[in-house]
Amino acid sequence: MSLGRSILLAAARSDRLNSFATKSRIVKRATRAFMPGERPEDALDAGAKLAADGRLLIYTKLGEALTALKDADEVRDHYFWMFDEIRGRKLPATVSIKPTQLGLDQSESSCMSHCFALASKAESTGSALWIDMEDSTYVDRTLALYEAVKAKYPRTGLALQSYLYRTPKDVERLRPLKPVIRLVKGAYAEPAAVAFPKKADTDAAYEQIAATMLQMALTGECHPIFGTHDLPLIARIGARAEEIGLAKGKYEFHMLYGIRERAQQQLRSEGHGVATLISYGDAWYRWYMRRLAERPANVLFVARSIFG
Ligand SMILES: Cc1cc2nc3c(=O)[nH]c(=O)nc-3n(C[C@H](O)[C@H](O)[C@H](O)COP(=O)(O)OP(=O)(O)OC[C@H]3O[C@@H](n4cnc5c(N)ncnc54)[C@H](O)[C@@H]3O)c2cc1C
């Protein structure tokens, strides 16, 4: 892992920096490149504009690792509201949650019932639920959660991370469920015991797992989603799909709001399924630091927006 990335991921865990940054209006302004605003209405309004080109939207309220179980009820209720807003505004949108935001650390059973309630609400409003993957200590519990919810609500999706050595086996484990998988590279600082320390290895693993997912899609065993901004990789995935005869609508590309916007439009105009994930909420510090760590050059961009 590069020094810049390690420093930024370490800073992501600092409570003092969190408290400083979230109070700073200047830093807040710099986050606007990656999120339209803190209010859910900001995210909904921005999404309505993006959806004009036929792309899909995914909404996520920032915040993770709750300290009190009762806070999870508020998060669940907020997402109930969000699903109603999505339907009311006729947006082609889904919602992506983090299990720790729904109390996974405090009570697995309570987190499970929140996920069932949200998947049910998603289904009744014509939407779907996504489950994000957090750091490696949560993978077993998140897979168990996904298996239970997916069995009842087939449109539910799960993120898997190519930097983890275990992921090819997890894909095989999920195969009988016909999973909806969003493959990402992985955003957390992980030890070499569980994840590739070198980015080149993570990238190579991504391509291999992507090939497996495309092959599974041919026989209806997976709905593959590729959550990446890596354009050469995206081109190779598209070429591979064409080579094996998998039609464009059978797989999708998902990217984050504010990143590679032109590429999102281009892929859409080529007939690919494209979704933009839009984050909102005031708990943006850790998430924002992970975005900076993905591309340390972003720090210069932030510095420019702070110092004019
Ligand atoms: C839809 C979606 C959902 C995600 N969900 C999860 C999840 O559940 N769990 C998880 O661990 N991670 C998640 N991630 C984050 C992911 O793991 C990566 O950290 C992130 O996508 C960066 O990797 P990359 O695939 O874009 O490739 P990289 O090789 O890191 O980047 C490729 C190129 O994209 C551009 N780029 C990438 N990131 C940025 C950035 N922040 N700012 C500007 N340019 C950038 C750069 O030009 C870079 O050279 C998600 C990502 C997406 C797109």
# chains A, B, ... in the order shown; residues from 1 in each chain; ligands from 1
call {"tool": "residues_near_ligand", "arguments": {"ligand": "ligand 1", "cutoff": "9 Å", "atoms": "only C-alpha atoms and all ligand atoms", "output": "PyMOL selection string"}}
result
chain A and resi 34+58+96-98+130-135+158-163+182-188+199-200+202-203+206+225-233+253-260+275-278+288+290-298
call {"tool": "select_by_dssp", "arguments": {"residues": "range 1-187 of chain A", "states": "strand (DSSP E)", "output": "number ranges by chain"}}
result
A: 56-61, 93-97, 129-131, 157-161, 180-184
call {"tool": "write_last_selection", "arguments": {"atoms": "N, CA, C and O atoms", "output": "tab-separated table (two decimals), in the first residue's frame"}}
result
chain	number	residue	atom	x	y	z
A	56	LEU	N	-29.21	4.52	-13.63
A	56	LEU	CA	-29.84	4.18	-12.36
A	56	LEU	C	-29.14	4.93	-11.24
A	56	LEU	O	-28.04	5.46	-11.43
A	57	LEU	N	-29.77	4.94	-10.08
A	57	LEU	CA	-29.21	5.65	-8.93
A	57	LEU	C	-29.16	4.73	-7.73
A	57	LEU	O	-30.01	3.84	-7.60
A	58	ILE	N	-28.18	4.96	-6.88
A	58	ILE	CA	-28.12	4.22	-5.62
A	58	ILE	C	-27.88	5.27	-4.54
A	58	ILE	O	-26.98	6.11	-4.68
A	59	TYR	N	-28.67	5.21	-3.48
A	59	TYR	CA	-28.53	6.19	-2.40
A	59	TYR	C	-27.97	5.55	-1.16
A	59	TYR	O	-28.36	4.44	-0.78
A	60	THR	N	-27.07	6.26	-0.51
A	60	THR	CA	-26.55	5.75	0.76
A	60	THR	C	-26.36	6.89	1.74
A	60	THR	O	-25.81	7.94	1.38
A	61	LYS	N	-26.85	6.67	2.95
A	61	LYS	CA	-26.68	7.69	4.00
A	61	LYS	C	-25.38	7.37	4.72
A	61	LYS	O	-25.18	6.24	5.16
A	93	ALA	N	-34.21	4.16	-8.66
A	93	ALA	CA	-33.17	4.17	-7.62
A	93	ALA	C	-33.30	3.03	-6.61
A	93	ALA	O	-34.40	2.55	-6.34
A	94	THR	N	-32.16	2.66	-6.06
A	94	THR	CA	-32.10	1.68	-4.97
A	94	THR	C	-31.39	2.33	-3.79
A	94	THR	O	-30.92	3.47	-3.89
A	95	VAL	N	-31.27	1.57	-2.70
A	95	VAL	CA	-30.62	2.08	-1.49
A	95	VAL	C	-29.53	1.09	-1.09
A	95	VAL	O	-29.72	-0.12	-1.18
A	96	SER	N	-28.39	1.60	-0.67
A	96	SER	CA	-27.30	0.73	-0.24
A	96	SER	C	-26.99	0.99	1.24
A	96	SER	O	-26.76	2.14	1.62
A	97	ILE	N	-27.00	-0.07	2.04
A	97	ILE	CA	-26.78	0.12	3.49
A	97	ILE	C	-25.47	-0.55	3.93
A	97	ILE	O	-24.97	-1.45	3.28
A	129	LEU	N	-32.68	-3.48	-2.41
A	129	LEU	CA	-31.72	-3.17	-1.34
A	129	LEU	C	-30.34	-3.70	-1.71
A	129	LEU	O	-30.20	-4.82	-2.19
A	130	TRP	N	-29.34	-2.88	-1.46
A	130	TRP	CA	-27.94	-3.28	-1.61
A	130	TRP	C	-27.29	-3.35	-0.23
A	130	TRP	O	-27.56	-2.50	0.63
A	131	ILE	N	-26.40	-4.33	-0.06
A	131	ILE	CA	-25.64	-4.41	1.20
A	131	ILE	C	-24.16	-4.18	0.87
A	131	ILE	O	-23.57	-4.91	0.08
A	157	GLY	N	-28.82	-7.07	-3.45
A	157	GLY	CA	-27.45	-7.18	-3.95
A	157	GLY	C	-26.43	-7.06	-2.83
A	157	GLY	O	-26.72	-6.53	-1.75
A	158	LEU	N	-25.22	-7.57	-3.12
A	158	LEU	CA	-24.14	-7.54	-2.12
A	158	LEU	C	-22.84	-7.10	-2.78
A	158	LEU	O	-22.51	-7.55	-3.89
A	159	ALA	N	-22.05	-6.28	-2.06
A	159	ALA	CA	-20.72	-5.91	-2.56
A	159	ALA	C	-19.69	-6.93	-2.09
A	159	ALA	O	-19.73	-7.36	-0.93
A	160	LEU	N	-18.79	-7.32	-2.99
A	160	LEU	CA	-17.65	-8.17	-2.63
A	160	LEU	C	-16.38	-7.45	-3.08
A	160	LEU	O	-16.40	-6.72	-4.07
A	161	GLN	N	-15.26	-7.70	-2.35
A	161	GLN	CA	-14.04	-6.93	-2.59
A	161	GLN	C	-12.92	-7.80	-3.18
A	161	GLN	O	-12.55	-8.82	-2.58
A	180	VAL	N	-26.76	-11.27	-6.79
A	180	VAL	CA	-26.56	-9.99	-7.46
A	180	VAL	C	-25.31	-9.42	-6.80
A	180	VAL	O	-25.35	-9.05	-5.62
A	181	ILE	N	-24.19	-9.43	-7.52
A	181	ILE	CA	-22.93	-9.04	-6.87
A	181	ILE	C	-22.37	-7.76	-7.49
A	181	ILE	O	-22.25	-7.65	-8.71
A	182	ARG	N	-22.02	-6.82	-6.60
A	182	ARG	CA	-21.28	-5.62	-7.04
A	182	ARG	C	-19.82	-5.88	-6.65
A	182	ARG	O	-19.48	-5.91	-5.47
A	183	LEU	N	-18.99	-6.11	-7.67
A	183	LEU	CA	-17.58	-6.35	-7.39
A	183	LEU	C	-16.84	-5.02	-7.29
A	183	LEU	O	-16.91	-4.20	-8.21
A	184	VAL	N	-16.15	-4.80	-6.16
A	184	VAL	CA	-15.34	-3.59	-5.99
A	184	VAL	C	-13.92	-4.02	-5.62
A	184	VAL	O	-13.70	-5.19	-5.29
call {"tool": "closest_residue", "arguments": {"among": "A:Ser14, A:Leu62, A:Ile237, A:Leu9", "to": "Met35 in chain A", "atoms": "only C-alpha atoms"}}
result
A:Leu62
call {"tool": "atom_distance", "arguments": {"atom1": "CA of Ala204 in chain A", "atom2": "CA of Ala235 in chain A"}}
result
14.3 Å
call {"tool": "closest_residue", "arguments": {"among": "A:Ser136, A:Gln208, A:Ser124, A:Ser109", "to": "Pro168 in chain A", "atoms": "only C-alpha atoms"}}
result
A:Gln208
call {"tool": "atom_distance", "arguments": {"atom1": "CA of Gly281 in chain A", "atom2": "CA of Glu74 in chain A"}}
result
13.2 Å
call {"tool": "residues_around", "arguments": {"residues": "Pro191 in chain A", "least_positions_apart": "2", "cutoff": "12 Å", "atoms": "only C-alpha atoms", "output": "list in words"}}
result
Met1, Ser6, Asp135, Ser136, Thr137, Tyr163, Leu164, Tyr165, Tyr188, Ala189, Ala193, Val194, Ala195, Phe196, Pro197 and Lys198 of chain A
call {"tool": "closest_residue", "arguments": {"among": "A:Glu242, A:Asp15, A:Glu172, A:Glu261", "to": "Cys222 in chain A", "atoms": "only C-alpha atoms"}}
result
A:Glu172
call {"tool": "atom_distance", "arguments": {"atom1": "CA of Tyr280 in chain A", "atom2": "CA of Ser2 in chain A"}}
result
28.3 Å
call {"tool": "residues_around", "arguments": {"residues": "Gly54 in chain A", "least_positions_apart": "6", "cutoff": "12 Å", "atoms": "only C-alpha atoms", "output": "PDB file with N, CA, C and O atoms, in the first residue's frame"}}
result
ATOM      1  N   GLY A  47     -29.883  13.385  -8.127  1.00  0.00           N
ATOM      2  CA  GLY A  47     -30.147  12.115  -8.811  1.00  0.00           C
ATOM      3  C   GLY A  47     -31.148  12.289  -9.940  1.00  0.00           C
ATOM      4  O   GLY A  47     -30.988  11.711 -11.014  1.00  0.00           O
ATOM      5  N   ALA A  48     -32.171  13.116  -9.711  1.00  0.00           N
ATOM      6  CA  ALA A  48     -33.200  13.306 -10.741  1.00  0.00           C
ATOM      7  C   ALA A  48     -32.559  13.851 -12.021  1.00  0.00           C
ATOM      8  O   ALA A  48     -32.920  13.458 -13.136  1.00  0.00           O
ATOM      9  N   LEU A  91     -38.091   7.852  -9.201  1.00  0.00           N
ATOM     10  CA  LEU A  91     -36.673   7.739  -9.544  1.00  0.00           C
ATOM     11  C   LEU A  91     -36.288   6.268  -9.728  1.00  0.00           C
ATOM     12  O   LEU A  91     -36.749   5.412  -8.965  1.00  0.00           O
ATOM     13  N   PRO A  92     -35.441   5.977 -10.725  1.00  0.00           N
ATOM     14  CA  PRO A  92     -34.986   4.599 -10.920  1.00  0.00           C
ATOM     15  C   PRO A  92     -33.857   4.300  -9.916  1.00  0.00           C
ATOM     16  O   PRO A  92     -32.694   4.217 -10.275  1.00  0.00           O
ATOM     17  N   ALA A  93     -34.214   4.160  -8.656  1.00  0.00           N
ATOM     18  CA  ALA A  93     -33.168   4.174  -7.622  1.00  0.00           C
ATOM     19  C   ALA A  93     -33.304   3.032  -6.613  1.00  0.00           C
ATOM     20  O   ALA A  93     -34.401   2.546  -6.345  1.00  0.00           O
ATOM     21  N   GLN A 264     -19.220   7.858 -17.246  1.00  0.00           N
ATOM     22  CA  GLN A 264     -20.549   7.312 -16.928  1.00  0.00           C
ATOM     23  C   GLN A 264     -21.515   7.617 -18.076  1.00  0.00           C
ATOM     24  O   GLN A 264     -22.271   6.757 -18.521  1.00  0.00           O
ATOM     25  N   GLN A 265     -21.444   8.864 -18.568  1.00  0.00           N
ATOM     26  CA  GLN A 265     -22.339   9.250 -19.676  1.00  0.00           C
ATOM     27  C   GLN A 265     -22.010   8.454 -20.940  1.00  0.00           C
ATOM     28  O   GLN A 265     -22.895   7.985 -21.650  1.00  0.00           O
ATOM     29  N   GLN A 266     -20.703   8.285 -21.178  1.00  0.00           N
ATOM     30  CA  GLN A 266     -20.262   7.574 -22.396  1.00  0.00           C
ATOM     31  C   GLN A 266     -20.745   6.110 -22.372  1.00  0.00           C
ATOM     32  O   GLN A 266     -21.316   5.612 -23.342  1.00  0.00           O
ATOM     33  N   LEU A 267     -20.548   5.445 -21.222  1.00  0.00           N
ATOM     34  CA  LEU A 267     -20.970   4.034 -21.124  1.00  0.00           C
ATOM     35  C   LEU A 267     -22.475   3.918 -21.341  1.00  0.00           C
ATOM     36  O   LEU A 267     -22.977   3.014 -21.992  1.00  0.00           O
ATOM     37  N   ARG A 268     -23.185   4.891 -20.760  1.00  0.00           N
ATOM     38  CA  ARG A 268     -24.642   4.887 -20.899  1.00  0.00           C
ATOM     39  C   ARG A 268     -25.023   5.036 -22.381  1.00  0.00           C
ATOM     40  O   ARG A 268     -25.892   4.335 -22.886  1.00  0.00           O
ATOM     41  N   SER A 269     -24.320   5.968 -23.073  1.00  0.00           N
ATOM     42  CA  SER A 269     -24.688   6.197 -24.480  1.00  0.00           C
ATOM     43  C   SER A 269     -24.319   4.992 -25.341  1.00  0.00           C
ATOM     44  O   SER A 269     -24.870   4.808 -26.424  1.00  0.00           O
ATOM     45  N   GLU A 270     -23.403   4.172 -24.860  1.00  0.00           N
ATOM     46  CA  GLU A 270     -23.066   2.943 -25.613  1.00  0.00           C
ATOM     47  C   GLU A 270     -24.057   1.825 -25.319  1.00  0.00           C
ATOM     48  O   GLU A 270     -23.894   0.708 -25.795  1.00  0.00           O
ATOM     49  N   GLY A 271     -25.042   2.106 -24.460  1.00  0.00           N
ATOM     50  CA  GLY A 271     -26.078   1.108 -24.188  1.00  0.00           C
ATOM     51  C   GLY A 271     -25.819   0.244 -22.965  1.00  0.00           C
ATOM     52  O   GLY A 271     -26.518  -0.740 -22.723  1.00  0.00           O
ATOM     53  N   HIS A 272     -24.805   0.624 -22.155  1.00  0.00           N
ATOM     54  CA  HIS A 272     -24.549  -0.148 -20.943  1.00  0.00           C
ATOM     55  C   HIS A 272     -25.481   0.286 -19.808  1.00  0.00           C
ATOM     56  O   HIS A 272     -25.880   1.451 -19.734  1.00  0.00           O
ATOM     57  N   GLY A 273     -25.774  -0.634 -18.916  1.00  0.00           N
ATOM     58  CA  GLY A 273     -26.459  -0.284 -17.685  1.00  0.00           C
ATOM     59  C   GLY A 273     -25.449   0.421 -16.790  1.00  0.00           C
ATOM     60  O   GLY A 273     -24.364  -0.096 -16.536  1.00  0.00           O
ATOM     61  N   VAL A 274     -25.791   1.640 -16.340  1.00  0.00           N
ATOM     62  CA  VAL A 274     -24.868   2.420 -15.503  1.00  0.00           C
ATOM     63  C   VAL A 274     -25.649   2.936 -14.298  1.00  0.00           C
ATOM     64  O   VAL A 274     -26.782   3.398 -14.444  1.00  0.00           O
ATOM     65  N   ALA A 275     -25.053   2.853 -13.120  1.00  0.00           N
ATOM     66  CA  ALA A 275     -25.679   3.461 -11.945  1.00  0.00           C
ATOM     67  C   ALA A 275     -24.670   4.357 -11.246  1.00  0.00           C
ATOM     68  O   ALA A 275     -23.466   4.071 -11.228  1.00  0.00           O
ATOM     69  N   THR A 276     -25.185   5.445 -10.673  1.00  0.00           N
ATOM     70  CA  THR A 276     -24.342   6.363  -9.907  1.00  0.00           C
ATOM     71  C   THR A 276     -24.738   6.265  -8.442  1.00  0.00           C
ATOM     72  O   THR A 276     -25.918   6.409  -8.100  1.00  0.00           O
TER      73      THR A 276
END
call {"tool": "select_by_dssp", "arguments": {"residues": "range 16-180 of chain A", "states": "helix (DSSP H, G or I)", "output": "ChimeraX atom specification"}}
result
/A:16-23,25-33,40-53,69-88,99-102,108-124,136-152,167-177
call {"tool": "closest_residue", "arguments": {"among": "A:Ser19, A:Thr142, A:Ser279, A:Thr167", "to": "Ala33 in chain A", "atoms": "only C-alpha atoms"}}
result
A:Ser279
call {"tool": "decode", "arguments": {"residues": "range 189-221 of chain A", "atoms": "N, CA, C and O atoms", "output": "compact mmCIF listing (two decimals), in the first residue's frame"}}
result
# COMPACT_ATOMS: atom_id res chain seq x y z
N ALA A 189 -8.20 -0.36 5.04
CA ALA A 189 -6.81 -0.74 5.29
C ALA A 189 -6.83 -2.15 5.86
O ALA A 189 -7.33 -2.36 6.96
N GLU A 190 -6.35 -3.13 5.09
CA GLU A 190 -6.43 -4.52 5.53
C GLU A 190 -5.03 -5.11 5.70
O GLU A 190 -4.12 -4.77 4.96
N PRO A 191 -4.87 -6.04 6.64
CA PRO A 191 -3.55 -6.67 6.81
C PRO A 191 -3.24 -7.64 5.66
O PRO A 191 -4.16 -8.19 5.04
N ALA A 192 -1.93 -7.87 5.44
CA ALA A 192 -1.51 -8.76 4.34
C ALA A 192 -1.98 -10.20 4.57
O ALA A 192 -1.99 -11.00 3.64
N ALA A 193 -2.37 -10.52 5.79
CA ALA A 193 -2.86 -11.88 6.06
C ALA A 193 -4.19 -12.15 5.35
O ALA A 193 -4.52 -13.30 5.08
N VAL A 194 -4.94 -11.10 5.05
CA VAL A 194 -6.26 -11.32 4.43
C VAL A 194 -6.43 -10.69 3.05
O VAL A 194 -7.31 -11.08 2.29
N ALA A 195 -5.57 -9.70 2.74
CA ALA A 195 -5.78 -8.96 1.48
C ALA A 195 -4.45 -8.72 0.76
O ALA A 195 -3.41 -8.63 1.39
N PHE A 196 -4.52 -8.60 -0.58
CA PHE A 196 -3.31 -8.32 -1.36
C PHE A 196 -2.74 -6.97 -0.94
O PHE A 196 -3.45 -5.95 -1.01
N PRO A 197 -1.46 -6.92 -0.54
CA PRO A 197 -0.88 -5.61 -0.22
C PRO A 197 -0.64 -4.78 -1.49
O PRO A 197 -0.63 -3.57 -1.44
N LYS A 198 -0.44 -5.47 -2.63
CA LYS A 198 -0.11 -4.71 -3.85
C LYS A 198 -1.35 -4.48 -4.70
O LYS A 198 -2.11 -5.40 -4.98
N LYS A 199 -1.49 -3.23 -5.13
CA LYS A 199 -2.66 -2.88 -5.94
C LYS A 199 -2.73 -3.70 -7.23
O LYS A 199 -3.81 -4.11 -7.66
N ALA A 200 -1.56 -3.98 -7.82
CA ALA A 200 -1.56 -4.74 -9.09
C ALA A 200 -2.21 -6.10 -8.88
O ALA A 200 -2.91 -6.61 -9.77
N ASP A 201 -1.99 -6.70 -7.71
CA ASP A 201 -2.60 -8.02 -7.45
C ASP A 201 -4.11 -7.90 -7.26
O ASP A 201 -4.88 -8.77 -7.68
N THR A 202 -4.53 -6.82 -6.59
CA THR A 202 -5.98 -6.58 -6.42
C THR A 202 -6.64 -6.40 -7.79
O THR A 202 -7.71 -6.94 -8.07
N ASP A 203 -5.94 -5.64 -8.68
CA ASP A 203 -6.50 -5.39 -10.02
C ASP A 203 -6.60 -6.70 -10.80
O ASP A 203 -7.61 -6.96 -11.47
N ALA A 204 -5.54 -7.54 -10.71
CA ALA A 204 -5.56 -8.82 -11.45
C ALA A 204 -6.67 -9.72 -10.90
O ALA A 204 -7.39 -10.37 -11.66
N ALA A 205 -6.82 -9.72 -9.57
CA ALA A 205 -7.87 -10.56 -8.96
C ALA A 205 -9.24 -10.06 -9.43
O ALA A 205 -10.15 -10.86 -9.71
N TYR A 206 -9.37 -8.74 -9.53
CA TYR A 206 -10.66 -8.17 -9.98
C TYR A 206 -11.03 -8.74 -11.35
O TYR A 206 -12.15 -9.19 -11.58
N GLU A 207 -10.04 -8.72 -12.24
CA GLU A 207 -10.33 -9.16 -13.61
C GLU A 207 -10.70 -10.64 -13.65
O GLU A 207 -11.61 -11.04 -14.39
N GLN A 208 -10.02 -11.42 -12.82
CA GLN A 208 -10.33 -12.86 -12.80
C GLN A 208 -11.72 -13.13 -12.25
O GLN A 208 -12.49 -13.92 -12.79
N ILE A 209 -12.04 -12.45 -11.14
CA ILE A 209 -13.37 -12.66 -10.53
C ILE A 209 -14.46 -12.15 -11.49
O ILE A 209 -15.51 -12.75 -11.65
N ALA A 210 -14.15 -11.01 -12.15
CA ALA A 210 -15.12 -10.47 -13.13
C ALA A 210 -15.40 -11.50 -14.22
O ALA A 210 -16.56 -11.69 -14.62
N ALA A 211 -14.35 -12.17 -14.68
CA ALA A 211 -14.53 -13.17 -15.75
C ALA A 211 -15.44 -14.30 -15.25
O ALA A 211 -16.33 -14.76 -15.98
N THR A 212 -15.24 -14.72 -14.00
CA THR A 212 -16.10 -15.77 -13.43
C THR A 212 -17.55 -15.29 -13.37
O THR A 212 -18.48 -16.02 -13.73
N MET A 213 -17.74 -14.05 -12.94
CA MET A 213 -19.10 -13.53 -12.81
C MET A 213 -19.79 -13.42 -14.17
O MET A 213 -20.98 -13.72 -14.31
N LEU A 214 -19.04 -13.01 -15.19
CA LEU A 214 -19.63 -12.92 -16.54
C LEU A 214 -20.05 -14.30 -17.02
O LEU A 214 -21.13 -14.47 -17.59
N GLN A 215 -19.19 -15.27 -16.77
CA GLN A 215 -19.50 -16.64 -17.17
C GLN A 215 -20.75 -17.14 -16.44
O GLN A 215 -21.62 -17.77 -17.03
N MET A 216 -20.83 -16.82 -15.14
CA MET A 216 -22.01 -17.22 -14.37
C MET A 216 -23.28 -16.56 -14.94
O MET A 216 -24.36 -17.15 -14.96
N ALA A 217 -23.13 -15.32 -15.40
CA ALA A 217 -24.29 -14.60 -15.93
C ALA A 217 -24.84 -15.27 -17.19
O ALA A 217 -26.05 -15.24 -17.44
N LEU A 218 -23.94 -15.89 -17.94
CA LEU A 218 -24.37 -16.58 -19.18
C LEU A 218 -25.40 -17.66 -18.88
O LEU A 218 -26.31 -17.90 -19.66
N THR A 219 -25.24 -18.31 -17.71
CA THR A 219 -26.16 -19.40 -17.35
C THR A 219 -27.17 -18.93 -16.30
O THR A 219 -27.79 -19.74 -15.61
N GLY A 220 -27.30 -17.61 -16.14
CA GLY A 220 -28.28 -17.06 -15.20
C GLY A 220 -27.93 -17.29 -13.74
O GLY A 220 -28.79 -17.21 -12.87
N GLU A 221 -26.64 -17.56 -13.46
CA GLU A 221 -26.26 -17.84 -12.07
C GLU A 221 -25.78 -16.61 -11.32
O GLU A 221 -25.35 -16.71 -10.16
